[in-house]
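A.B. asks: Structure file structure.cif, mmCIF, N, CA and C atoms, is pasted below:
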data_model
loop_
_atom_site.label_atom_id
_atom_site.label_comp_id
_atom_site.auth_asym_id
_atom_site.auth_seq_id
_atom_site.Cartn_x
_atom_site.Cartn_y
_atom_site.Cartn_z
N MET A 9 130.08 159.69 151.51
CA MET A 9 130.92 159.34 150.39
C MET A 9 130.07 159.27 149.14
N ALA A 10 130.57 159.76 148.07
CA ALA A 10 129.85 159.75 146.82
C ALA A 10 129.80 158.36 146.23
N ARG A 11 128.87 158.19 145.32
CA ARG A 11 128.71 156.92 144.64
C ARG A 11 130.00 156.56 143.91
N ARG A 12 130.41 155.30 144.06
CA ARG A 12 131.61 154.83 143.36
C ARG A 12 131.16 153.94 142.22
N THR A 13 131.54 154.30 141.02
CA THR A 13 131.19 153.51 139.86
C THR A 13 132.46 153.09 139.17
N THR A 14 132.55 151.82 138.86
CA THR A 14 133.73 151.29 138.20
C THR A 14 133.30 150.59 136.93
N THR A 15 133.99 150.88 135.86
CA THR A 15 133.76 150.17 134.62
C THR A 15 135.06 149.50 134.27
N GLY A 16 135.00 148.21 134.00
CA GLY A 16 136.23 147.51 133.70
C GLY A 16 135.99 146.35 132.77
N ALA A 17 137.00 146.01 132.01
CA ALA A 17 136.89 144.86 131.14
C ALA A 17 136.89 143.61 131.98
N ILE A 18 136.12 142.62 131.58
CA ILE A 18 136.04 141.39 132.35
C ILE A 18 136.76 140.25 131.65
N GLY A 19 137.56 140.58 130.69
CA GLY A 19 138.37 139.56 130.04
C GLY A 19 137.86 139.20 128.66
N ARG A 20 138.62 138.40 127.98
CA ARG A 20 138.25 137.97 126.64
C ARG A 20 137.54 136.64 126.70
N GLY A 21 136.72 136.38 125.73
CA GLY A 21 136.00 135.11 125.71
C GLY A 21 134.79 135.18 126.60
N THR A 22 134.32 134.04 127.02
CA THR A 22 133.11 133.95 127.82
C THR A 22 133.46 133.85 129.29
N THR A 23 132.74 134.62 130.12
CA THR A 23 132.92 134.56 131.56
C THR A 23 131.94 133.56 132.13
N GLY A 24 132.01 133.35 133.42
CA GLY A 24 131.11 132.42 134.09
C GLY A 24 129.65 132.82 134.00
N ARG A 25 129.34 134.08 133.69
CA ARG A 25 127.97 134.54 133.62
C ARG A 25 127.45 134.57 132.19
N GLY A 26 128.19 134.03 131.25
CA GLY A 26 127.71 133.93 129.88
C GLY A 26 127.90 135.18 129.03
N THR A 27 128.62 136.17 129.53
CA THR A 27 128.87 137.35 128.73
C THR A 27 130.17 137.17 127.97
N THR A 28 130.32 137.90 126.91
CA THR A 28 131.57 137.85 126.17
C THR A 28 132.35 139.10 126.47
N GLY A 29 133.51 139.30 125.92
CA GLY A 29 134.46 140.34 126.24
C GLY A 29 133.92 141.75 126.38
N ALA A 30 132.63 141.95 126.48
CA ALA A 30 132.06 143.29 126.67
C ALA A 30 132.41 143.80 128.06
N GLU A 31 132.29 145.12 128.25
CA GLU A 31 132.56 145.69 129.56
C GLU A 31 131.32 145.60 130.43
N ARG A 32 131.55 145.50 131.72
CA ARG A 32 130.48 145.40 132.70
C ARG A 32 130.54 146.63 133.59
N HIS A 33 129.39 147.14 133.97
CA HIS A 33 129.27 148.33 134.80
C HIS A 33 128.96 147.89 136.23
N ILE A 34 129.81 148.25 137.19
CA ILE A 34 129.61 147.88 138.58
C ILE A 34 129.34 149.14 139.38
N GLN A 35 128.24 149.13 140.14
CA GLN A 35 127.87 150.29 140.94
C GLN A 35 127.88 149.91 142.42
N VAL A 36 128.79 150.52 143.17
CA VAL A 36 128.92 150.24 144.60
C VAL A 36 128.66 151.52 145.37
N ARG A 37 127.80 151.41 146.39
CA ARG A 37 127.48 152.58 147.22
C ARG A 37 127.87 152.30 148.67
N GLN A 38 128.22 153.35 149.37
CA GLN A 38 128.58 153.22 150.78
C GLN A 38 127.31 153.15 151.62
N VAL A 39 127.31 152.22 152.58
CA VAL A 39 126.20 152.13 153.54
C VAL A 39 126.50 153.18 154.63
N THR A 40 125.65 154.21 154.70
CA THR A 40 125.90 155.29 155.66
C THR A 40 125.04 155.17 156.92
N HIS A 41 123.93 154.45 156.85
CA HIS A 41 123.07 154.21 158.01
C HIS A 41 122.37 152.87 157.83
N VAL A 42 122.02 152.27 158.96
CA VAL A 42 121.26 151.01 158.94
C VAL A 42 120.13 151.15 159.96
N GLN A 43 118.92 150.81 159.54
CA GLN A 43 117.79 150.82 160.46
C GLN A 43 117.24 149.41 160.55
N ALA A 44 117.28 148.85 161.75
CA ALA A 44 116.79 147.49 161.98
C ALA A 44 115.39 147.56 162.54
N SER A 45 114.55 146.61 162.13
CA SER A 45 113.21 146.55 162.69
C SER A 45 112.74 145.09 162.73
N TRP A 46 111.74 144.87 163.59
CA TRP A 46 111.12 143.56 163.72
C TRP A 46 109.63 143.77 163.67
N THR A 47 108.94 142.93 162.91
CA THR A 47 107.50 143.05 162.74
C THR A 47 106.82 141.78 163.20
N GLU A 48 105.79 141.92 164.03
CA GLU A 48 105.01 140.76 164.46
C GLU A 48 104.15 140.30 163.29
N GLN A 49 104.19 139.01 162.99
CA GLN A 49 103.39 138.46 161.90
C GLN A 49 101.99 138.10 162.43
N ASP A 50 101.93 137.19 163.37
CA ASP A 50 100.69 136.79 164.04
C ASP A 50 100.98 136.72 165.53
N ARG A 51 99.97 136.96 166.33
CA ARG A 51 100.13 136.93 167.78
C ARG A 51 100.73 135.59 168.20
N GLY A 52 101.90 135.62 168.85
CA GLY A 52 102.56 134.42 169.33
C GLY A 52 103.40 133.70 168.29
N ALA A 53 103.35 134.13 167.04
CA ALA A 53 104.12 133.49 165.97
C ALA A 53 105.46 134.21 165.81
N ALA A 54 106.34 133.57 165.07
CA ALA A 54 107.64 134.20 164.78
C ALA A 54 107.42 135.49 163.98
N GLY A 55 108.28 136.46 164.23
CA GLY A 55 108.19 137.72 163.52
C GLY A 55 109.14 137.77 162.35
N ALA A 56 109.24 138.93 161.72
CA ALA A 56 110.13 139.11 160.57
C ALA A 56 111.05 140.30 160.83
N PHE A 57 112.34 140.10 160.55
CA PHE A 57 113.33 141.16 160.68
C PHE A 57 113.53 141.84 159.32
N THR A 58 113.80 143.14 159.37
CA THR A 58 114.24 143.85 158.17
C THR A 58 115.40 144.76 158.57
N LEU A 59 116.33 144.92 157.65
CA LEU A 59 117.43 145.87 157.80
C LEU A 59 117.36 146.80 156.60
N GLN A 60 117.10 148.06 156.86
CA GLN A 60 117.04 149.05 155.79
C GLN A 60 118.43 149.68 155.66
N LEU A 61 119.04 149.50 154.50
CA LEU A 61 120.35 150.09 154.23
C LEU A 61 120.13 151.45 153.59
N ILE A 62 120.65 152.49 154.23
CA ILE A 62 120.63 153.84 153.66
C ILE A 62 121.97 154.00 152.97
N LEU A 63 121.94 154.26 151.68
CA LEU A 63 123.15 154.31 150.87
C LEU A 63 123.50 155.74 150.50
N ASP A 64 124.77 156.08 150.64
CA ASP A 64 125.28 157.41 150.30
C ASP A 64 124.41 158.54 150.85
N ASN A 65 124.19 158.48 152.18
CA ASN A 65 123.44 159.52 152.91
C ASN A 65 122.06 159.78 152.33
N GLY A 66 121.39 158.72 151.90
CA GLY A 66 120.01 158.86 151.44
C GLY A 66 119.83 158.92 149.93
N ALA A 67 120.91 158.82 149.18
CA ALA A 67 120.78 158.85 147.72
C ALA A 67 120.00 157.64 147.21
N ALA A 68 120.07 156.54 147.96
CA ALA A 68 119.33 155.32 147.62
C ALA A 68 119.14 154.52 148.89
N GLU A 69 118.31 153.50 148.82
CA GLU A 69 118.12 152.60 149.95
C GLU A 69 117.80 151.21 149.43
N TYR A 70 118.02 150.23 150.31
CA TYR A 70 117.72 148.84 149.97
C TYR A 70 117.31 148.14 151.25
N VAL A 71 116.29 147.30 151.17
CA VAL A 71 115.79 146.61 152.35
C VAL A 71 116.15 145.13 152.27
N LEU A 72 116.81 144.65 153.33
CA LEU A 72 117.14 143.23 153.47
C LEU A 72 116.08 142.59 154.37
N ARG A 73 115.74 141.34 154.10
CA ARG A 73 114.81 140.59 154.95
C ARG A 73 115.50 139.30 155.42
N PRO A 74 116.44 139.43 156.34
CA PRO A 74 117.21 138.25 156.77
C PRO A 74 116.43 137.39 157.76
N THR A 75 116.88 136.14 157.89
CA THR A 75 116.37 135.29 158.96
C THR A 75 116.89 135.85 160.28
N ALA A 76 116.38 135.36 161.38
CA ALA A 76 116.85 135.82 162.69
C ALA A 76 118.34 135.56 162.86
N GLU A 77 118.79 134.40 162.41
CA GLU A 77 120.21 134.05 162.53
C GLU A 77 121.08 134.97 161.67
N ASP A 78 120.65 135.22 160.44
CA ASP A 78 121.40 136.11 159.56
C ASP A 78 121.39 137.55 160.08
N ALA A 79 120.26 137.99 160.63
CA ALA A 79 120.18 139.35 161.19
C ALA A 79 121.17 139.52 162.32
N ASP A 80 121.30 138.50 163.17
CA ASP A 80 122.25 138.53 164.27
C ASP A 80 123.67 138.70 163.75
N VAL A 81 124.04 137.92 162.75
CA VAL A 81 125.38 138.00 162.17
C VAL A 81 125.60 139.36 161.50
N LEU A 82 124.63 139.83 160.74
CA LEU A 82 124.77 141.12 160.05
C LEU A 82 124.95 142.27 161.03
N VAL A 83 124.16 142.28 162.11
CA VAL A 83 124.29 143.35 163.10
C VAL A 83 125.68 143.32 163.74
N LYS A 84 126.20 142.13 164.01
CA LYS A 84 127.55 142.02 164.57
C LYS A 84 128.60 142.50 163.56
N LEU A 85 128.43 142.17 162.29
CA LEU A 85 129.38 142.63 161.28
C LEU A 85 129.36 144.15 161.15
N PHE A 86 128.17 144.75 161.17
CA PHE A 86 128.09 146.21 161.13
C PHE A 86 128.79 146.83 162.33
N ALA A 87 128.65 146.23 163.51
CA ALA A 87 129.27 146.75 164.73
C ALA A 87 130.80 146.64 164.67
N ARG A 88 131.32 145.56 164.07
CA ARG A 88 132.77 145.34 164.02
C ARG A 88 133.46 146.03 162.86
N SER A 89 132.72 146.44 161.87
CA SER A 89 133.30 146.98 160.65
C SER A 89 133.42 148.50 160.70
N ALA A 90 134.51 148.99 160.15
CA ALA A 90 134.70 150.43 160.06
C ALA A 90 133.82 151.03 158.97
N ASN A 91 133.47 150.21 157.96
CA ASN A 91 132.61 150.69 156.88
C ASN A 91 131.99 149.50 156.16
N ALA A 92 130.95 149.79 155.42
CA ALA A 92 130.28 148.76 154.62
C ALA A 92 129.87 149.38 153.29
N SER A 93 129.88 148.55 152.26
CA SER A 93 129.47 148.98 150.93
C SER A 93 128.47 147.98 150.38
N PHE A 94 127.64 148.43 149.44
CA PHE A 94 126.62 147.57 148.86
C PHE A 94 126.69 147.69 147.35
N ASP A 95 126.87 146.55 146.68
CA ASP A 95 126.85 146.49 145.22
C ASP A 95 125.39 146.41 144.80
N VAL A 96 124.89 147.48 144.23
CA VAL A 96 123.48 147.62 143.92
C VAL A 96 123.01 146.59 142.89
N ASP A 97 123.81 146.34 141.87
CA ASP A 97 123.40 145.43 140.80
C ASP A 97 123.46 143.97 141.23
N ARG A 98 124.52 143.58 141.91
CA ARG A 98 124.70 142.18 142.29
C ARG A 98 124.11 141.85 143.65
N LYS A 99 123.63 142.87 144.40
CA LYS A 99 123.04 142.70 145.73
C LYS A 99 124.02 142.04 146.70
N VAL A 100 125.25 142.60 146.74
CA VAL A 100 126.31 142.07 147.60
C VAL A 100 126.66 143.12 148.65
N LEU A 101 126.62 142.71 149.92
CA LEU A 101 126.98 143.58 151.03
C LEU A 101 128.39 143.23 151.45
N MET A 102 129.28 144.24 151.48
CA MET A 102 130.70 144.03 151.78
C MET A 102 131.09 144.85 153.00
N PHE A 103 131.85 144.23 153.90
CA PHE A 103 132.30 144.88 155.12
C PHE A 103 133.80 145.10 155.04
N GLY A 104 134.25 146.29 155.46
CA GLY A 104 135.67 146.60 155.39
C GLY A 104 136.30 146.72 156.76
N ASN A 105 137.61 146.51 156.78
CA ASN A 105 138.45 146.70 157.97
C ASN A 105 138.01 145.86 159.17
N LEU A 106 137.74 144.58 158.94
CA LEU A 106 137.45 143.66 160.04
C LEU A 106 138.76 143.09 160.55
N ALA A 107 138.90 143.01 161.87
CA ALA A 107 140.09 142.41 162.46
C ALA A 107 140.07 140.92 162.22
N VAL A 108 141.17 140.39 161.74
CA VAL A 108 141.29 138.96 161.51
C VAL A 108 142.07 138.36 162.66
N LYS A 109 141.49 137.36 163.33
CA LYS A 109 142.14 136.76 164.50
C LYS A 109 142.44 135.32 164.24
#
Show me, as structure tokens, the structure contained in the file I just sent.

C.D. replies:
Amino acid sequence: MARRTTTGAIGRGTTGRGTTGAERHIQVRQVTHVQASWTEQDRGAAGAFTLQLILDNGAAEYVLRPTAEDADVLVKLFARSANASFDVDRKVLMFGNLAVK
């Protein structure tokens, strides 16, 4: 999927982020691949997880460094989701089409 860019007015007056009625540029990319890895820090010590997000089939990438607990949740969300998107500017990972029970 190609890069999705949205430009929209954020309202009049001041927003919660201190900007005034100017337009804001939002850049969202589709997560097309995820590569998970674990790195040993010191022998016998806790390691470090990384999740490399490949965006729009390699057009960009971003590396997450979650805790073990967060990595577990993220991997499960990727498995349950039909798709995921990443807001490059705000660093927000969004999952789509999750079943709500």

A.B. asks: Dig up all the protein and nucleic acid residues within 5 Å of (125.4, 146.1, 142.0) in the file frame, using all atoms listed in the file, and format them as an MDAnalysis selection string.

C.D. replies: chainID A and resid 35 95:99

A.B. asks: Pull N, CA and C atoms from the residues just selected and write them as a compact mmCIF listing (two decimals), in the frame of the given file.

C.D. replies:
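Output file selection-v2.txt follows:
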# COMPACT_ATOMS: atom_id res chain seq x y z
N GLN A 35 128.24 149.13 140.14
CA GLN A 35 127.87 150.29 140.94
C GLN A 35 127.88 149.91 142.42
N ASP A 95 126.87 146.55 146.68
CA ASP A 95 126.85 146.49 145.22
C ASP A 95 125.39 146.41 144.80
N VAL A 96 124.89 147.48 144.23
CA VAL A 96 123.48 147.62 143.92
C VAL A 96 123.01 146.59 142.89
N ASP A 97 123.81 146.34 141.87
CA ASP A 97 123.40 145.43 140.80
C ASP A 97 123.46 143.97 141.23
N ARG A 98 124.52 143.58 141.91
CA ARG A 98 124.70 142.18 142.29
C ARG A 98 124.11 141.85 143.65
N LYS A 99 123.63 142.87 144.40
CA LYS A 99 123.04 142.70 145.73
C LYS A 99 124.02 142.04 146.70

A.B. asks: Check stretch 51-103 of chain A with DSSP on the backbone and list each residue it calls helix (DSSP H, G or I), as number ranges by chain.

C.D. replies: A: 64-66, 76-88

A.B. asks: My list of candidates is A:Tyr70, A:Arg88, A:His41, A:Ala76. Which is closest to A:Gly55 when distances are computed with all atoms listed in the file?

C.D. replies: A:Ala76

A.B. asks: Find the spatial neighbours of A:Asn91, counting all atoms listed in the file, within a cut-off of 7 Å - ignore same-chain residues fewer than 6 positions away - and output them as a PyMOL selection string.

C.D. replies: chain A and resi 39+102-105

A.B. asks: Taking the file as shown, find all residues satisfying the PyMOL selection byres ((chain A and resi 40) around 8) and write them as a ChimeraX atom specification.

C.D. replies: /A:9,37-39,41-43,61-66,92-93

A.B. asks: Atom N of A:Ala44 and atom CA of A:Leu101, how far apart in Å?

C.D. replies: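 Computing the Euclidean distance for atom CA of A:Leu101 and atom N of A:Ala44 yields 15.4 Å.
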
A.B. asks: Any idea what the distance is between atom N of A:Asp80 and atom N of A:Gly52?

C.D. replies: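 Going from atom N of A:Asp80 over to atom N of A:Gly52 covers 20.4 Å.
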
A.B. asks: A:Arg51, A:Phe57, A:Ala67, A:Val100: which is nearest A:Ala79, counting all atoms listed in the file?

C.D. replies: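 Distance minimum relative to A:Ala79 lands on A:Phe57.
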
A.B. asks: Could you state the separation of atom N of A:Leu59 and atom CA of A:Leu106 in Å, given to one decimal place?

C.D. replies: 21.3 Å

A.B. asks: Going by DSSP on the backbone, which residues of stretch 28-66 of chain A come out as strand (DSSP E or B)? List them as a PyMOL selection string.

C.D. replies: chain A and resi 31-47+56-63
